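Before any comments, here is the structure.
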Amino acid sequence: MNKECVAMLLAGGQGTRLGVLTKKLAKPAVPFGGKYRIIDFTLSNCNNSGFDTVGVLTQYQPLALNSYIGIGSHWDLDRKAGGVTVLPPFVKELGGEWYKGTANAIYQNIEFVDQYNPKYLLVLSGDHIYKMDYSLMLDFHKEKQADATIAVIQVPWEEAHGFGIMNTAPDAKIIEFEEKPAMPKSNLASMGVYIFNWELLKNYLEEDEQNPRSSNDFGKNIIPMMLGAEQRLYAYPFKGYWRDVGTIESLWQANMDLLVENPDLHLNDPNWRIYSVNPNHPPHYIAPTANIHKALINEGCFVYGKVDHSIIFSGVTIAKDAEVKDSVIMPNVKIGRQVKIEKAIIGVEAIIEDHCQIGSPTEECLTCQNSCSGITVIEGQTILEKGTIIKKNCNGVSV
Amino acid sequence: MKDVMGIVNLMEHNDFLKEISFHRPAAAIPFGGRYRMVDFILSNMVNSGIRNVSLVVQQKYRALMDHLGRGKDWDLDRKRDGLFFLPPVHLSSSATSKWDFRHFHSHLDFIDYSRQRYVLLAGYNMLCNIDFKEAFLFHKKMNADITIIYKEAEQLQEGLTQCHVLETSQDGRITDIEITQGYTKGAKISMEMCIMEKALLMDLIGRCHSRGECNLVRDGFIRNLNRLRIYGYHHQGYLAKIDCVRSYYRHSMDLLKPSISQELFFAKGLIYTKVKDGPPTKYTESSKVQNSLIANGCVIEGQVENSIIFRSVKVGKGAVVKNSVIMQRGTIEEDTLLEHVIADKRILITKGKQLKGDGQYPLVIQRRSII
């Protein structure tokens, strides 16, 4: 079976900076936007771009992710030829090992990719929020007759030091790659989306594997090696909304970005649907006592209280006289009467009993004094007993 | 329940929901913010463990096939059994009533080939959330030939389309069935769902056919009340019997009582429908929403009160929607007023328009109307 291009989606990351949200969940499985999980964006991009063969590399806490992806039918990726294949690390004849890095993860699955005998390999990361047509990037790759193409996005200059930065010639050819440079020469940041000529990449993966000191990473090892060998590397400029939601603050902010009048990330586009697993709940009910402003609310919710500038996932109950402000409430959370929640992320299936208070902007943060995001995080499935007061606490609370 | 096959009879007498059923079979009429009427009986069957469901369709069934597909969203895309359509064999349909049997006769082969021993035969316009396992246990316990599921009427009704009122003895055996147009409070109304052995159904169809008879209830049940042990099983829960615009409207408004919507949507299992992948509904600074049921994919910038809003509806700034049902993909522009309206799919109400019906006589707006 031949495919022109196979996509490999790296979804094994732990996402340690998301604290308690990723305690039992791989980062790509973290809920986002009132309905989705982070990985939905990449999987939907694959389908919408016409890529039907996707390997999903899982490693950290894969249970939720594996059952969520299933056979890929929710993204229309249950195909006779190709489709979605979940690829956890496995044992080989001479023993097995964990995926040591992004490049090693692909290296260990060379056989999987070779089944499809592809000309190109698309490498994706499962922890970004964006809508992108990968077929246009593949066209660019072919047009430039590149050996590898890296998608880049312009980031604000003052943030450029936190990214992998590409320095390019006027024709978009990459001259230099700097990982988190102190003095960035450009603001073109790598999005973690690569297209390689597969036969060539295989050589580099083999070579990298021979080097015991390598961290087996695309950004740190493979790309510099290819540049050193003067391969043709090009930067594909992407314009549009793209966010790495790797921290509590960026996750919260990306959610809040959806609440403005015309958000940069348009979710209601029939030509570029973001697919997800649907829990099949009825429409949400807004009671006579409710008061809703600037919110995204999903199906299956019963809202009796006040919701201001917040994202409410499916199956959430908000009782009378409760107030939810500037917050993200994940699926099936129960919020009792007179509860006040401000600038918080409440994890899945948490139960917040009557009269609890979560996150207060006037209080000092409990866990950090400086540069605090001010966002309080409650771990999933927590039960907060009646009257509990949780002060501002950006590292997450498990009670 | 793997020994039970479900047959849903979607035949209908006339366009009983006026404008809303001109273009589609009544079974495909949208209800409850995101469902079609047929979703309820299908989901009840699936949640009860039935894996072989066939739909007897009559006409205009494109909308229905589009909605159901291979039955994937109801978990009915199975290798064996699953979802089947039983369309008319001849172009001209001579059916005279909803429970006309002649149409079934042409599908006897299909019924015979199915590997189940029992059959659950049902209509589509009795919306409830029921576990048929319990009714099936009752059927076995009473050693019944036929068990008809009924509901005791909560109030007097007159001038309806045809309904069947049962009389039962102490132990539940049905002593009389009346085909009537109305009933009093406490009357036992047939929910047009019955359980019997497949062999008996085929026998009844065969007998009717050979005698030139055609009505299951009149010729199949009433004439055999003495010969067959026909029992009534009482459904305790909520029932929305939808047979005219008024009952459609009344039961839609019932959903605004959380106790009723909780029961109808969650009691014995979820009601499944075609997934649309719309985003969560968006509320803005200017939105004002009270006592309403709102599906996904909507953008609500105006005021919505006591209403059912289907998927992907847009309500503009300054628009007021009260006591209304707005179906999928409707657009209600700025500064409009809608009161006691049932608006079918994809309507457009342009800026500044005011439309009012009455609580007893809601205004029905036809599909794709631009006003």
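Labels used: A, B, ... for chains in the order of the structure tokens, numbers from 1 for residues in each chain, and numbers from 1 for ligands as shown.
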Give me the residues near Gly82 in chain A as a list in words, where near means some atom within 8 Å (using only C-alpha atoms) and where sequence neighbours in that chain fewer than 5 positions away do not count.
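Answer for this query is Asp52, Thr53 and Val54 of chain A.
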When the cut-off is 10 Å and we count only C-alpha atoms, which residues of chain B are near chain A, given as a PyMOL selection string?
chain B and resi 32-35+73+255-258+261-262+264-266+270-301+304-306+308-312
Mind the document's chain letters and residue numbers, and return as a PyMOL selection string the residues of range 19-263 of chain B that DSSP labels helix (DSSP H, G or I).
chain B and resi 19-21+26-28+37-47+62-68+72-74+102-105+108-113+132-141+198-210+216-224+245-254+258-263
Measure the distance from CA of Leu10 in chain A to CA of Ala254 in chain A in Å and round it to one decimal.
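Between CA of Leu10 in chain A and CA of Ala254 in chain A the gap works out to 20.9 Å.
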Strand (DSSP E) residues, from DSSP on the backbone, in range 261-295 of chain A, as an MDAnalysis selection string:
chainID A and resid 284:286 291:295
Taking 5 positions as the minimum chain separation for residues in the same chain, which residues sit within 8 Å of Trp99 in chain B when counting only C-alpha atoms? Answer as a ChimeraX atom specification.
/B:9,11,215-217
Ser250 in chain A surroundings by only C-alpha atoms, 12 Å radius, close-in-sequence under 2 positions cut, as a list in words:
Arg17, Leu18, Phe32, Asp127, His128, Ile129, Trp242, Arg243, Asp244, Val245, Gly246, Thr247, Ile248, Trp252, Gln253, Ala254, Asn255, Met256, Asp257, Ile345, Ser373 and Ile375 of chain A
Taken to one decimal, the CA of Gly96 in chain A-CA of Pro212 in chain A distance is 16.5 Å
Could you give me, as a PyMOL selection string, the residues within 8 Å of Met202 in chain B, counting only C-alpha atoms and dropping anything in the same chain fewer than 2 positions from it?
chain B and resi 108+111-112+198-200+204-206
